[in-house]
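Working notes, structure below.
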Amino acid sequence: MDKLVIKGKTPLKGEVKISGAKNAAVAILPAALLIDGICTIDNLPNISDVKLLCEIIEELGAKITWTSNNSITIDSRNLCCTNAPLELTRKFRASYYLIGALLGRCHHVQVGMPGGCKLGARPIDQHIKGFEALGATVDVGQGKITANTDKLVGTSIYMDMVSVGATINIMLASVLAEGTTIIDNAAKEPHIVDVANFLNTMGADVRGAGTDVIKINGVSKLSGNISYSVVPDQIEAGTFMLAAVASRGDLIIKNCITKHLECISAKIIEMGAHAEEIDGDAIHVWCDSKTSKANIKTSPYPGFPTDLQSQMGVVLSISDGTSIINESIWESRFQYTDELNKMGAKITAQGKTAIFEGVDNLYGAPVYATDLRAGAALIIAGVCAEGTTEIYNLEHIDRGYENIEEKFKNIGANIERVSE
Ligand code: UD1
């Protein structure tokens with residue numbers, strides 16, 4: 001079992017380069033199965049969720065070649081199987097994108113019930129509602145999902161709530177459907193736009209991604225031999241912004257889209273830290289004094305992202321005064337607060353609300369990553385804490401952050417991965 005050992009307390013200083021977006025990559029890889037051809041995908045984050053997805057795609061008959069650490073080609077001309085390996089697909093959430101992609105191309109699919117971080121109930125009723133509206137029959141049972149159709153026909157679908165996954169999945173299923181599909185109350189996250197751009201590069205006709213109405217005019221065929229670069233990761237960039245603030249450091253965060261980071265910049269400036277964009281693709285974040293309290297409510301893009309809630313929780317733990325976070329997306333996303341309390345934080349979490357009474361210092365302790373973003377928060381806490389922090393359950397962190405300890409080491413953190 002590996003653990004991260006961090007000796008604090010260190011102000012993080014220097015430059016960090018952001019990788020491609022995990023949540024875009026895990027949708028673009030299945031989307032590449034929609035064409036009977038070859039795609040080259042660059043700026044792909046080299047993380048365990050991507051490697052797992054590549055393994056599944058190869059089991060379906062497509063051929064994947066890594067041409068560099070962050071580039072692959074997918075040749076899906078020989079796709080021969082639409083029953084995805086159940087055990088592998090159950091290991092993570094984004095395997096559900098295989099449903100939209102394979103239903104769209106092959107009209108049949110079977111995947112294991114998707115797993116992923118335990119953030120509370122994670123129903124997929126909106127995905128199923130979308131597939132059924134397009135003309136598929138969907139069966140859920142015995143730990144798997146099976147969907148079939150003779151043909152998919154475009155229609156209007158109103159989403160009951162804003163769902164990233166359902167919006168993308170319905171886009172995937174509808175690009176090859178007959179006629180026009182309209183997704184109303186769609187999610188607007190940067191990776192929705194990125195997946196739509198990828199689909200359009202393949203010859204799809206997706207309009208309005210990034211607004212709450214997406215219109216997909218079905219096409220009869222997509223074209224092969226395309227190349228695409230994945231959008232930079234908004235959440236990784238936000239993680240380093242909050243690491244700079246929490247550690248009272250000074251970071252230049254490169255290869256990001258500053259427009260995607262405005263909700264985070266606005267909040268940290270309100271708290272007394274500094275953020276300045278550099279040419280739209282880098283951001284300078286620094287903090288030279290104790291930040292002040294803040295109230296945070298997570299919400300779909302362009303609101304404050306739930307995936308940065310726990311990292312912000314570390315900043316609030318050592319800010320002046322009493323802060324409140326209201327988590328409006330997930331039922332159970334405050335498990336990390338027990339771990340931060342082991343390090344001296346004073347957080348009371350109940351239901352979807354947590355109250356942070358700011359303390360002067362955190363102190364190193366053995367702690368457990370309870371999910372992917374909670375793991376990132378504990379790294380930030382370890383960097384800020386006096387003494388030594390040991391972080392366990394690294395498999396959560398490795399799912400979504402590329403070379404995390406290298407990136408932190410390069411900006412001054414005293415962090416090592418140790419095998420026990
Ligand atoms: C995606 C992200 C995840 C992020 C979340 C919210 C990926 C792989 N994961 O997850 O990191 O935390 O967006 O930004 O991109 N819901 C339903 N029924 C559905 C679908 C969703 O009730 O069919 C609810 C969920 O329980 C949740 C809310 O809608 O309360 C938002 O979920 P959704 O946006 O779908 O999250 P994911 O796509 O699973």
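Just remember, in the structure tokens the first chain shown is A, the second B, etc., residues are 1-based per chain, and ligands are 1-based in the order shown.
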
Per residue of chain A within 6 Å of ligand 1, record the nearest atom pair and its distance in Å to one decimal, counting only C-alpha atoms and all ligand atoms, with rows in chain order and ascending residue number, as a Markdown table.
| residue | atom | partner | partner_atom_place_in_ligand_line | distance |
| --- | --- | --- | --- | --- |
| A:Asn23 | CA | ligand 1 | 15 (O) | 4.3 |
| A:Ala94 | CA | ligand 1 | 8 (C) | 4.9 |
| A:Ala121 | CA | ligand 1 | 26 (O) | 5.7 |
| A:Arg122 | CA | ligand 1 | 26 (O) | 4.3 |
| A:Pro123 | CA | ligand 1 | 18 (N) | 4.6 |
| A:Ile124 | CA | ligand 1 | 23 (O) | 3.2 |
| A:Asp125 | CA | ligand 1 | 23 (O) | 3.9 |
| A:Gln126 | CA | ligand 1 | 23 (O) | 3.5 |
| A:His127 | CA | ligand 1 | 23 (O) | 5.1 |
| A:Met161 | CA | ligand 1 | 29 (O) | 5.9 |
| A:Ser163 | CA | ligand 1 | 34 (O) | 3.4 |
| A:Val164 | CA | ligand 1 | 34 (O) | 3.7 |
| A:Gly165 | CA | ligand 1 | 38 (O) | 3.3 |
| A:Ala166 | CA | ligand 1 | 35 (O) | 5.8 |
| A:Thr306 | CA | ligand 1 | 12 (O) | 5.6 |
| A:Asp307 | CA | ligand 1 | 12 (O) | 5.1 |
| A:Ile329 | CA | ligand 1 | 30 (O) | 4.5 |
| A:Trp330 | CA | ligand 1 | 30 (O) | 4.9 |

Would you write out those residues with N, CA and C atoms, as a PDB file, in the first residue's frame?
ATOM      1  N   ASN A  23     -12.453  15.057 -16.666  1.00  0.00           N
ATOM      2  CA  ASN A  23     -13.876  14.824 -16.947  1.00  0.00           C
ATOM      3  C   ASN A  23     -14.224  14.993 -18.421  1.00  0.00           C
ATOM      4  N   ALA A  94     -17.395   7.118 -15.042  1.00  0.00           N
ATOM      5  CA  ALA A  94     -17.540   7.577 -16.425  1.00  0.00           C
ATOM      6  C   ALA A  94     -17.733   6.436 -17.412  1.00  0.00           C
ATOM      7  N   ALA A 121     -26.114   9.397  -2.996  1.00  0.00           N
ATOM      8  CA  ALA A 121     -26.818   8.683  -4.071  1.00  0.00           C
ATOM      9  C   ALA A 121     -26.396   9.264  -5.411  1.00  0.00           C
ATOM     10  N   ARG A 122     -26.131   8.413  -6.401  1.00  0.00           N
ATOM     11  CA  ARG A 122     -25.755   8.915  -7.730  1.00  0.00           C
ATOM     12  C   ARG A 122     -26.637   8.243  -8.779  1.00  0.00           C
ATOM     13  N   PRO A 123     -27.928   8.621  -8.795  1.00  0.00           N
ATOM     14  CA  PRO A 123     -28.844   7.970  -9.735  1.00  0.00           C
ATOM     15  C   PRO A 123     -28.484   8.305 -11.185  1.00  0.00           C
ATOM     16  N   ILE A 124     -28.962   7.471 -12.122  1.00  0.00           N
ATOM     17  CA  ILE A 124     -28.736   7.777 -13.547  1.00  0.00           C
ATOM     18  C   ILE A 124     -30.080   7.833 -14.291  1.00  0.00           C
ATOM     19  N   ASP A 125     -31.125   8.202 -13.539  1.00  0.00           N
ATOM     20  CA  ASP A 125     -32.455   8.238 -14.149  1.00  0.00           C
ATOM     21  C   ASP A 125     -32.545   9.221 -15.326  1.00  0.00           C
ATOM     22  N   GLN A 126     -31.805  10.327 -15.262  1.00  0.00           N
ATOM     23  CA  GLN A 126     -31.887  11.306 -16.359  1.00  0.00           C
ATOM     24  C   GLN A 126     -31.210  10.781 -17.627  1.00  0.00           C
ATOM     25  N   HIS A 127     -30.147   9.982 -17.459  1.00  0.00           N
ATOM     26  CA  HIS A 127     -29.504   9.351 -18.621  1.00  0.00           C
ATOM     27  C   HIS A 127     -30.525   8.411 -19.279  1.00  0.00           C
ATOM     28  N   MET A 161     -32.998  17.882 -13.680  1.00  0.00           N
ATOM     29  CA  MET A 161     -31.993  18.667 -12.948  1.00  0.00           C
ATOM     30  C   MET A 161     -30.781  18.799 -13.864  1.00  0.00           C
ATOM     31  N   SER A 163     -27.528  17.996 -15.063  1.00  0.00           N
ATOM     32  CA  SER A 163     -26.616  16.857 -14.886  1.00  0.00           C
ATOM     33  C   SER A 163     -25.569  16.853 -15.989  1.00  0.00           C
ATOM     34  N   VAL A 164     -24.304  16.908 -15.553  1.00  0.00           N
ATOM     35  CA  VAL A 164     -23.175  16.856 -16.487  1.00  0.00           C
ATOM     36  C   VAL A 164     -23.207  15.541 -17.261  1.00  0.00           C
ATOM     37  N   GLY A 165     -23.278  14.441 -16.504  1.00  0.00           N
ATOM     38  CA  GLY A 165     -23.190  13.123 -17.133  1.00  0.00           C
ATOM     39  C   GLY A 165     -24.334  12.869 -18.102  1.00  0.00           C
ATOM     40  N   ALA A 166     -25.561  13.219 -17.691  1.00  0.00           N
ATOM     41  CA  ALA A 166     -26.715  12.943 -18.557  1.00  0.00           C
ATOM     42  C   ALA A 166     -26.656  13.819 -19.800  1.00  0.00           C
ATOM     43  N   THR A 306     -18.535  21.955  -7.154  1.00  0.00           N
ATOM     44  CA  THR A 306     -18.506  20.998  -6.042  1.00  0.00           C
ATOM     45  C   THR A 306     -17.155  20.283  -5.976  1.00  0.00           C
ATOM     46  N   ASP A 307     -16.506  20.105  -7.121  1.00  0.00           N
ATOM     47  CA  ASP A 307     -15.230  19.376  -7.129  1.00  0.00           C
ATOM     48  C   ASP A 307     -14.077  20.194  -6.545  1.00  0.00           C
ATOM     49  N   ILE A 329     -24.870  20.018  -4.502  1.00  0.00           N
ATOM     50  CA  ILE A 329     -24.935  18.983  -5.550  1.00  0.00           C
ATOM     51  C   ILE A 329     -24.993  17.571  -4.952  1.00  0.00           C
ATOM     52  N   TRP A 330     -24.056  17.280  -4.024  1.00  0.00           N
ATOM     53  CA  TRP A 330     -23.947  15.911  -3.503  1.00  0.00           C
ATOM     54  C   TRP A 330     -24.379  15.863  -2.038  1.00  0.00           C
TER      55      TRP A 330
END

Exercise: Cys39 in chain A partners within 9 Å, only C-alpha atoms, chain neighbours under 3 positions left out, as an NGL selection string:
:A and (32 or 35 or 72-76 or 202 or 224-228)

Deliver the residues from the most recent selection as a file, using C-alpha atoms, as a PDB file, in the first residue's frame.
ATOM      1  CA  ALA A  32     -14.159   8.252 -30.237  1.00  0.00           C
ATOM      2  CA  ILE A  35     -16.553   6.726 -35.688  1.00  0.00           C
ATOM      3  CA  ILE A  72      -3.035   8.273 -28.078  1.00  0.00           C
ATOM      4  CA  THR A  73      -4.554   7.088 -31.296  1.00  0.00           C
ATOM      5  CA  ILE A  74      -7.776   5.086 -31.172  1.00  0.00           C
ATOM      6  CA  ASP A  75      -8.559   2.946 -34.167  1.00  0.00           C
ATOM      7  CA  SER A  76     -12.171   1.884 -33.796  1.00  0.00           C
ATOM      8  CA  MET A 202     -15.697  14.312 -36.195  1.00  0.00           C
ATOM      9  CA  GLY A 224     -12.300   9.305 -39.285  1.00  0.00           C
ATOM     10  CA  ASN A 225      -8.701  10.530 -39.164  1.00  0.00           C
ATOM     11  CA  ILE A 226      -9.212  13.484 -36.893  1.00  0.00           C
ATOM     12  CA  SER A 227      -7.020  14.887 -34.198  1.00  0.00           C
ATOM     13  CA  TYR A 228      -8.102  16.703 -31.060  1.00  0.00           C
TER      14      TYR A 228
END

Residues of range 42-236 of chain A in strand (DSSP E or B), written as a ChimeraX atom specification
/A:42,63-68,71-75,83,108-112,137-141,144-148,153,156-158,178,180-184,205-207,209,211,213-217,226-229,232

Would you save the residues of that selection, restricted to N, CA and C atoms, as a compact mmCIF listing (two decimals), in the first residue's frame?
# COMPACT_ATOMS: atom_id res chain seq x y z
N ASP A 42 -4.73 14.36 -28.07
CA ASP A 42 -3.58 14.91 -27.35
C ASP A 42 -4.04 15.57 -26.05
N LYS A 63 -8.33 -0.44 -31.23
CA LYS A 63 -6.89 -0.54 -30.94
C LYS A 63 -6.40 0.82 -30.44
N ILE A 64 -5.71 0.79 -29.30
CA ILE A 64 -5.19 2.04 -28.74
C ILE A 64 -3.67 2.02 -28.78
N THR A 65 -3.07 3.09 -29.30
CA THR A 65 -1.61 3.20 -29.30
C THR A 65 -1.24 4.49 -28.59
N TRP A 66 -0.40 4.36 -27.56
CA TRP A 66 0.10 5.57 -26.88
C TRP A 66 1.27 6.09 -27.71
N THR A 67 1.15 7.29 -28.22
CA THR A 67 2.23 7.85 -29.04
C THR A 67 3.15 8.74 -28.21
N SER A 68 2.71 9.16 -27.06
CA SER A 68 3.56 9.84 -26.07
C SER A 68 2.85 9.67 -24.74
N SER A 71 -0.60 11.35 -25.37
CA SER A 71 -1.27 11.28 -26.68
C SER A 71 -1.56 9.84 -27.03
N ILE A 72 -2.73 9.62 -27.59
CA ILE A 72 -3.03 8.27 -28.08
C ILE A 72 -3.70 8.36 -29.45
N THR A 73 -3.65 7.23 -30.16
CA THR A 73 -4.55 7.09 -31.30
C THR A 73 -5.52 5.95 -30.95
N ILE A 74 -6.77 6.14 -31.35
CA ILE A 74 -7.78 5.09 -31.17
C ILE A 74 -8.26 4.70 -32.56
N ASP A 75 -8.08 3.45 -32.87
CA ASP A 75 -8.56 2.95 -34.17
C ASP A 75 -9.78 2.09 -33.87
N ASN A 83 -20.62 -5.56 -25.43
CA ASN A 83 -20.77 -5.93 -24.02
C ASN A 83 -19.47 -5.57 -23.32
N HIS A 108 -26.73 -1.31 -29.51
CA HIS A 108 -26.79 -2.22 -28.36
C HIS A 108 -25.60 -1.95 -27.46
N VAL A 109 -25.81 -2.10 -26.16
CA VAL A 109 -24.69 -1.95 -25.23
C VAL A 109 -25.04 -2.62 -23.90
N GLN A 110 -24.00 -3.14 -23.26
CA GLN A 110 -24.15 -3.63 -21.87
C GLN A 110 -22.94 -3.18 -21.08
N VAL A 111 -23.16 -2.52 -19.96
CA VAL A 111 -22.05 -2.12 -19.08
C VAL A 111 -22.41 -2.47 -17.64
N GLY A 112 -21.38 -2.55 -16.78
CA GLY A 112 -21.62 -2.76 -15.35
C GLY A 112 -22.17 -1.47 -14.76
N THR A 137 -34.59 0.87 -25.44
CA THR A 137 -35.14 0.15 -24.28
C THR A 137 -33.97 -0.06 -23.33
N VAL A 138 -34.16 0.33 -22.07
CA VAL A 138 -33.05 0.24 -21.12
C VAL A 138 -33.45 -0.66 -19.95
N ASP A 139 -32.62 -1.66 -19.65
CA ASP A 139 -32.88 -2.52 -18.50
C ASP A 139 -31.75 -2.35 -17.50
N VAL A 140 -32.15 -2.18 -16.23
CA VAL A 140 -31.14 -2.06 -15.17
C VAL A 140 -31.40 -3.18 -14.19
N GLY A 141 -30.40 -3.98 -13.90
CA GLY A 141 -30.59 -5.06 -12.93
C GLY A 141 -29.37 -5.94 -12.87
N LYS A 144 -25.94 -4.48 -13.75
CA LYS A 144 -25.55 -4.03 -15.09
C LYS A 144 -26.68 -3.26 -15.76
N ILE A 145 -26.31 -2.55 -16.82
CA ILE A 145 -27.27 -1.78 -17.60
C ILE A 145 -27.18 -2.28 -19.03
N THR A 146 -28.35 -2.61 -19.60
CA THR A 146 -28.38 -3.05 -21.00
C THR A 146 -29.32 -2.12 -21.76
N ALA A 147 -28.89 -1.68 -22.93
CA ALA A 147 -29.76 -0.81 -23.74
C ALA A 147 -29.75 -1.31 -25.18
N ASN A 148 -30.91 -1.26 -25.80
CA ASN A 148 -31.09 -1.74 -27.18
C ASN A 148 -32.00 -0.80 -27.93
N VAL A 153 -34.22 8.11 -32.68
CA VAL A 153 -34.84 9.23 -33.39
C VAL A 153 -34.82 10.45 -32.47
N SER A 156 -37.20 16.16 -28.19
CA SER A 156 -36.88 17.17 -27.17
C SER A 156 -36.84 16.51 -25.80
N ILE A 157 -35.79 16.80 -25.05
CA ILE A 157 -35.64 16.19 -23.72
C ILE A 157 -35.41 17.31 -22.71
N TYR A 158 -36.28 17.40 -21.72
CA TYR A 158 -36.09 18.41 -20.67
C TYR A 158 -35.48 17.70 -19.46
N GLU A 178 -31.62 9.82 -36.01
CA GLU A 178 -32.35 10.44 -37.13
C GLU A 178 -33.01 11.73 -36.62
N THR A 180 -33.56 15.76 -35.19
CA THR A 180 -32.96 16.74 -34.26
C THR A 180 -33.31 16.41 -32.81
N THR A 181 -32.30 16.48 -31.95
CA THR A 181 -32.51 16.31 -30.50
C THR A 181 -32.26 17.64 -29.83
N ILE A 182 -33.14 18.00 -28.90
CA ILE A 182 -32.91 19.23 -28.13
C ILE A 182 -32.83 18.85 -26.65
N ILE A 183 -31.70 19.23 -26.02
CA ILE A 183 -31.55 18.98 -24.58
C ILE A 183 -31.77 20.31 -23.88
N ASP A 184 -32.85 20.38 -23.11
CA ASP A 184 -33.18 21.62 -22.40
C ASP A 184 -32.79 21.46 -20.93
N ASP A 205 -23.13 17.58 -35.68
CA ASP A 205 -23.70 18.93 -35.75
C ASP A 205 -24.35 19.23 -34.40
N VAL A 206 -23.49 19.65 -33.44
CA VAL A 206 -23.97 19.95 -32.08
C VAL A 206 -23.87 21.45 -31.89
N ARG A 207 -24.97 22.11 -31.54
CA ARG A 207 -24.97 23.56 -31.37
C ARG A 207 -25.45 23.94 -29.97
N ALA A 209 -23.71 24.12 -27.09
CA ALA A 209 -23.05 23.59 -25.88
C ALA A 209 -22.43 24.75 -25.11
N THR A 211 -24.51 26.55 -23.26
CA THR A 211 -25.74 27.26 -22.85
C THR A 211 -26.68 26.18 -22.30
N VAL A 213 -29.47 25.20 -23.56
CA VAL A 213 -30.22 24.45 -24.59
C VAL A 213 -29.22 23.97 -25.64
N ILE A 214 -29.11 22.67 -25.80
CA ILE A 214 -28.18 22.11 -26.80
C ILE A 214 -29.01 21.44 -27.89
N LYS A 215 -28.67 21.76 -29.13
CA LYS A 215 -29.42 21.21 -30.26
C LYS A 215 -28.47 20.31 -31.05
N ILE A 216 -28.88 19.08 -31.28
CA ILE A 216 -28.04 18.14 -32.02
C ILE A 216 -28.80 17.72 -33.27
N ASN A 217 -28.29 18.12 -34.43
CA ASN A 217 -28.89 17.65 -35.68
C ASN A 217 -28.18 16.34 -36.05
N ILE A 226 -9.21 12.13 -37.44
CA ILE A 226 -9.21 13.48 -36.89
C ILE A 226 -8.23 13.55 -35.73
N SER A 227 -7.84 14.78 -35.39
CA SER A 227 -7.02 14.89 -34.20
C SER A 227 -7.56 16.01 -33.32
N TYR A 228 -7.44 15.81 -32.00
CA TYR A 228 -8.10 16.70 -31.06
C TYR A 228 -7.26 16.81 -29.79
N SER A 229 -7.27 18.02 -29.20
CA SER A 229 -6.52 18.23 -27.95
C SER A 229 -7.52 18.52 -26.82
N PRO A 232 -7.80 22.09 -21.02
CA PRO A 232 -7.13 22.02 -19.70
C PRO A 232 -8.14 21.80 -18.56

Among range 244-326 of chain A, which ones does DSSP place in helix (DSSP H, G or I), written as a ChimeraX atom specification?
/A:244-246,258-270,306-317

Give me a file of those residues, with N, CA, C and O atoms, as a JSON list (two decimals), in the first residue's frame.
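The resulting out_38.json:
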[["chain", "number", "residue", "atom", "x", "y", "z"],
["A", 244, "ALA", "N", -2.17, 27.49, -3.51],
["A", 244, "ALA", "CA", -1.36, 28.71, -3.38],
["A", 244, "ALA", "C", -1.92, 29.58, -2.25],
["A", 244, "ALA", "O", -1.16, 30.10, -1.42],
["A", 245, "VAL", "N", -3.24, 29.69, -2.19],
["A", 245, "VAL", "CA", -3.86, 30.54, -1.17],
["A", 245, "VAL", "C", -3.66, 29.94, 0.22],
["A", 245, "VAL", "O", -3.22, 30.62, 1.15],
["A", 246, "ALA", "N", -3.97, 28.63, 0.35],
["A", 246, "ALA", "CA", -3.89, 27.99, 1.68],
["A", 246, "ALA", "C", -2.47, 28.04, 2.23],
["A", 246, "ALA", "O", -2.26, 28.28, 3.42],
["A", 258, "THR", "N", -8.43, 30.80, -18.23],
["A", 258, "THR", "CA", -8.75, 31.63, -17.05],
["A", 258, "THR", "C", -10.25, 31.94, -16.96],
["A", 258, "THR", "O", -10.77, 32.10, -15.87],
["A", 259, "LYS", "N", -10.92, 31.96, -18.09],
["A", 259, "LYS", "CA", -12.37, 32.20, -18.08],
["A", 259, "LYS", "C", -13.07, 31.14, -17.20],
["A", 259, "LYS", "O", -14.05, 31.43, -16.50],
["A", 260, "HIS", "N", -12.55, 29.89, -17.26],
["A", 260, "HIS", "CA", -13.18, 28.80, -16.48],
["A", 260, "HIS", "C", -12.94, 28.95, -14.98],
["A", 260, "HIS", "O", -13.52, 28.21, -14.19],
["A", 261, "LEU", "N", -12.01, 29.87, -14.62],
["A", 261, "LEU", "CA", -11.58, 29.94, -13.21],
["A", 261, "LEU", "C", -12.14, 31.17, -12.51],
["A", 261, "LEU", "O", -11.80, 31.44, -11.36],
["A", 262, "GLU", "N", -13.03, 31.91, -13.21],
["A", 262, "GLU", "CA", -13.48, 33.20, -12.66],
["A", 262, "GLU", "C", -14.20, 33.04, -11.32],
["A", 262, "GLU", "O", -14.04, 33.86, -10.42],
["A", 263, "CYS", "N", -14.99, 31.97, -11.18],
["A", 263, "CYS", "CA", -15.74, 31.82, -9.91],
["A", 263, "CYS", "C", -14.76, 31.59, -8.74],
["A", 263, "CYS", "O", -15.05, 31.98, -7.61],
["A", 264, "ILE", "N", -13.60, 31.00, -9.04],
["A", 264, "ILE", "CA", -12.64, 30.74, -7.96],
["A", 264, "ILE", "C", -11.84, 32.01, -7.68],
["A", 264, "ILE", "O", -11.66, 32.40, -6.52],
["A", 265, "SER", "N", -11.41, 32.68, -8.76],
["A", 265, "SER", "CA", -10.65, 33.94, -8.58],
["A", 265, "SER", "C", -11.48, 34.92, -7.76],
["A", 265, "SER", "O", -10.98, 35.55, -6.83],
["A", 266, "ALA", "N", -12.77, 35.06, -8.14],
["A", 266, "ALA", "CA", -13.62, 36.05, -7.47],
["A", 266, "ALA", "C", -13.67, 35.75, -5.97],
["A", 266, "ALA", "O", -13.57, 36.65, -5.13],
["A", 267, "LYS", "N", -13.79, 34.48, -5.62],
["A", 267, "LYS", "CA", -13.94, 34.12, -4.21],
["A", 267, "LYS", "C", -12.64, 34.34, -3.44],
["A", 267, "LYS", "O", -12.64, 34.90, -2.35],
["A", 268, "ILE", "N", -11.49, 33.97, -4.05],
["A", 268, "ILE", "CA", -10.25, 34.12, -3.27],
["A", 268, "ILE", "C", -9.87, 35.61, -3.14],
["A", 268, "ILE", "O", -9.31, 36.01, -2.13],
["A", 269, "ILE", "N", -10.24, 36.41, -4.15],
["A", 269, "ILE", "CA", -9.97, 37.86, -4.04],
["A", 269, "ILE", "C", -10.84, 38.44, -2.92],
["A", 269, "ILE", "O", -10.37, 39.21, -2.09],
["A", 270, "GLU", "N", -12.11, 38.00, -2.87],
["A", 270, "GLU", "CA", -13.01, 38.44, -1.78],
["A", 270, "GLU", "C", -12.41, 38.11, -0.41],
["A", 270, "GLU", "O", -12.59, 38.84, 0.56],
["A", 306, "THR", "N", -18.53, 21.95, -7.15],
["A", 306, "THR", "CA", -18.51, 21.00, -6.04],
["A", 306, "THR", "C", -17.15, 20.28, -5.98],
["A", 306, "THR", "O", -16.69, 19.93, -4.89],
["A", 307, "ASP", "N", -16.51, 20.11, -7.12],
["A", 307, "ASP", "CA", -15.23, 19.38, -7.13],
["A", 307, "ASP", "C", -14.08, 20.19, -6.55],
["A", 307, "ASP", "O", -12.95, 19.70, -6.46],
["A", 308, "LEU", "N", -14.34, 21.46, -6.16],
["A", 308, "LEU", "CA", -13.31, 22.24, -5.46],
["A", 308, "LEU", "C", -13.73, 22.56, -4.03],
["A", 308, "LEU", "O", -13.07, 23.31, -3.33],
["A", 309, "GLN", "N", -14.85, 21.97, -3.62],
["A", 309, "GLN", "CA", -15.39, 22.28, -2.30],
["A", 309, "GLN", "C", -14.45, 21.86, -1.18],
["A", 309, "GLN", "O", -14.19, 22.61, -0.23],
["A", 310, "SER", "N", -13.88, 20.65, -1.28],
["A", 310, "SER", "CA", -13.04, 20.18, -0.18],
["A", 310, "SER", "C", -11.71, 20.93, -0.14],
["A", 310, "SER", "O", -11.18, 21.22, 0.95],
["A", 311, "GLN", "N", -11.17, 21.29, -1.32],
["A", 311, "GLN", "CA", -9.92, 22.07, -1.34],
["A", 311, "GLN", "C", -10.18, 23.45, -0.72],
["A", 311, "GLN", "O", -9.36, 23.97, 0.04],
["A", 312, "MET", "N", -11.34, 24.05, -1.02],
["A", 312, "MET", "CA", -11.69, 25.33, -0.41],
["A", 312, "MET", "C", -11.88, 25.14, 1.10],
["A", 312, "MET", "O", -11.58, 26.04, 1.89],
["A", 313, "GLY", "N", -12.36, 23.97, 1.51],
["A", 313, "GLY", "CA", -12.54, 23.67, 2.93],
["A", 313, "GLY", "C", -11.24, 23.81, 3.70],
["A", 313, "GLY", "O", -11.22, 24.25, 4.86],
["A", 314, "VAL", "N", -10.12, 23.45, 3.07],
["A", 314, "VAL", "CA", -8.82, 23.60, 3.75],
["A", 314, "VAL", "C", -8.51, 25.09, 3.95],
["A", 314, "VAL", "O", -8.08, 25.51, 5.03],
["A", 315, "VAL", "N", -8.77, 25.89, 2.91],
["A", 315, "VAL", "CA", -8.51, 27.34, 3.02],
["A", 315, "VAL", "C", -9.35, 27.92, 4.16],
["A", 315, "VAL", "O", -8.85, 28.67, 5.01],
["A", 316, "LEU", "N", -10.64, 27.54, 4.20],
["A", 316, "LEU", "CA", -11.53, 28.11, 5.23],
["A", 316, "LEU", "C", -11.13, 27.65, 6.63],
["A", 316, "LEU", "O", -11.29, 28.40, 7.60],
["A", 317, "SER", "N", -10.57, 26.44, 6.73],
["A", 317, "SER", "CA", -10.16, 25.91, 8.04],
["A", 317, "SER", "C", -9.12, 26.80, 8.71],
["A", 317, "SER", "O", -9.03, 26.85, 9.93]]

Considering only C-alpha atoms, tabulate each residue of range 266-325 of chain A that lies at most 6 Å from range 353-377 of chain A along with its nearest interatomic pair and the corresponding distance in Å to one decimal; arrange the rows by chain and ascending residue number and present them as a tab-separated table.
residue	atom	partner	partner_atom	distance
A:Ser310	CA	A:Ala374	CA	5.6
A:Gln311	CA	A:Ala377	CA	4.3
A:Ser317	CA	A:Gly358	CA	4.8
A:Ile318	CA	A:Gly358	CA	4.9
A:Ser319	CA	A:Gly358	CA	5.0
A:Asp320	CA	A:Gly358	CA	5.3
A:Gly321	CA	A:Gly358	CA	5.3
A:Thr322	CA	A:Glu357	CA	4.5
A:Ser323	CA	A:Phe356	CA	5.0
A:Ile324	CA	A:Ile355	CA	4.7
A:Ile325	CA	A:Ala354	CA	5.3

Filtering to N, CA and C atoms, could you give me those residues as a compact mmCIF listing (two decimals), in the first residue's frame?
# COMPACT_ATOMS: atom_id res chain seq x y z
N SER A 310 -13.88 20.65 -1.28
CA SER A 310 -13.04 20.18 -0.18
C SER A 310 -11.71 20.93 -0.14
N GLN A 311 -11.17 21.29 -1.32
CA GLN A 311 -9.92 22.07 -1.34
C GLN A 311 -10.18 23.45 -0.72
N SER A 317 -10.57 26.44 6.73
CA SER A 317 -10.16 25.91 8.04
C SER A 317 -9.12 26.80 8.71
N ILE A 318 -8.29 27.48 7.87
CA ILE A 318 -7.22 28.31 8.45
C ILE A 318 -7.42 29.79 8.10
N SER A 319 -8.67 30.15 7.78
CA SER A 319 -8.99 31.56 7.54
C SER A 319 -9.50 32.19 8.84
N ASP A 320 -9.55 33.51 8.85
CA ASP A 320 -10.04 34.24 10.00
C ASP A 320 -11.56 34.09 10.13
N GLY A 321 -12.07 33.79 11.31
CA GLY A 321 -13.52 33.82 11.51
C GLY A 321 -14.23 32.54 11.11
N THR A 322 -15.55 32.61 11.10
CA THR A 322 -16.39 31.43 10.87
C THR A 322 -16.97 31.45 9.46
N SER A 323 -16.72 30.39 8.72
CA SER A 323 -17.17 30.30 7.33
C SER A 323 -18.19 29.17 7.21
N ILE A 324 -18.97 29.24 6.13
CA ILE A 324 -19.98 28.19 5.91
C ILE A 324 -19.87 27.69 4.47
N ILE A 325 -19.93 26.38 4.30
CA ILE A 325 -20.07 25.83 2.94
C ILE A 325 -21.43 25.13 2.87

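Straight-line separation from CA of Ile411 in chain A to CA of Phe240 in chain A: 10.2 Å.
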
List the neighbours of Leu222 in chain A out to 10 Å using only C-alpha atoms; skip same-chain residues closer than 3 positions along the sequence, and give me the result as a list in words.
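In the requested format, the answer is Leu34, Ile35, Asp36, Gly37, Arg105, Val175, Leu176, Leu199, Asn200, Thr201, Met202, Gly203, Ala204, Asp205 and Val219 of chain A.
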
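In this comparison, which uses only C-alpha atoms, the residue of A:Ile415, A:Ile404, A:Leu4, A:Val383 approaching Ile47 in chain A most closely is A:Ile404.
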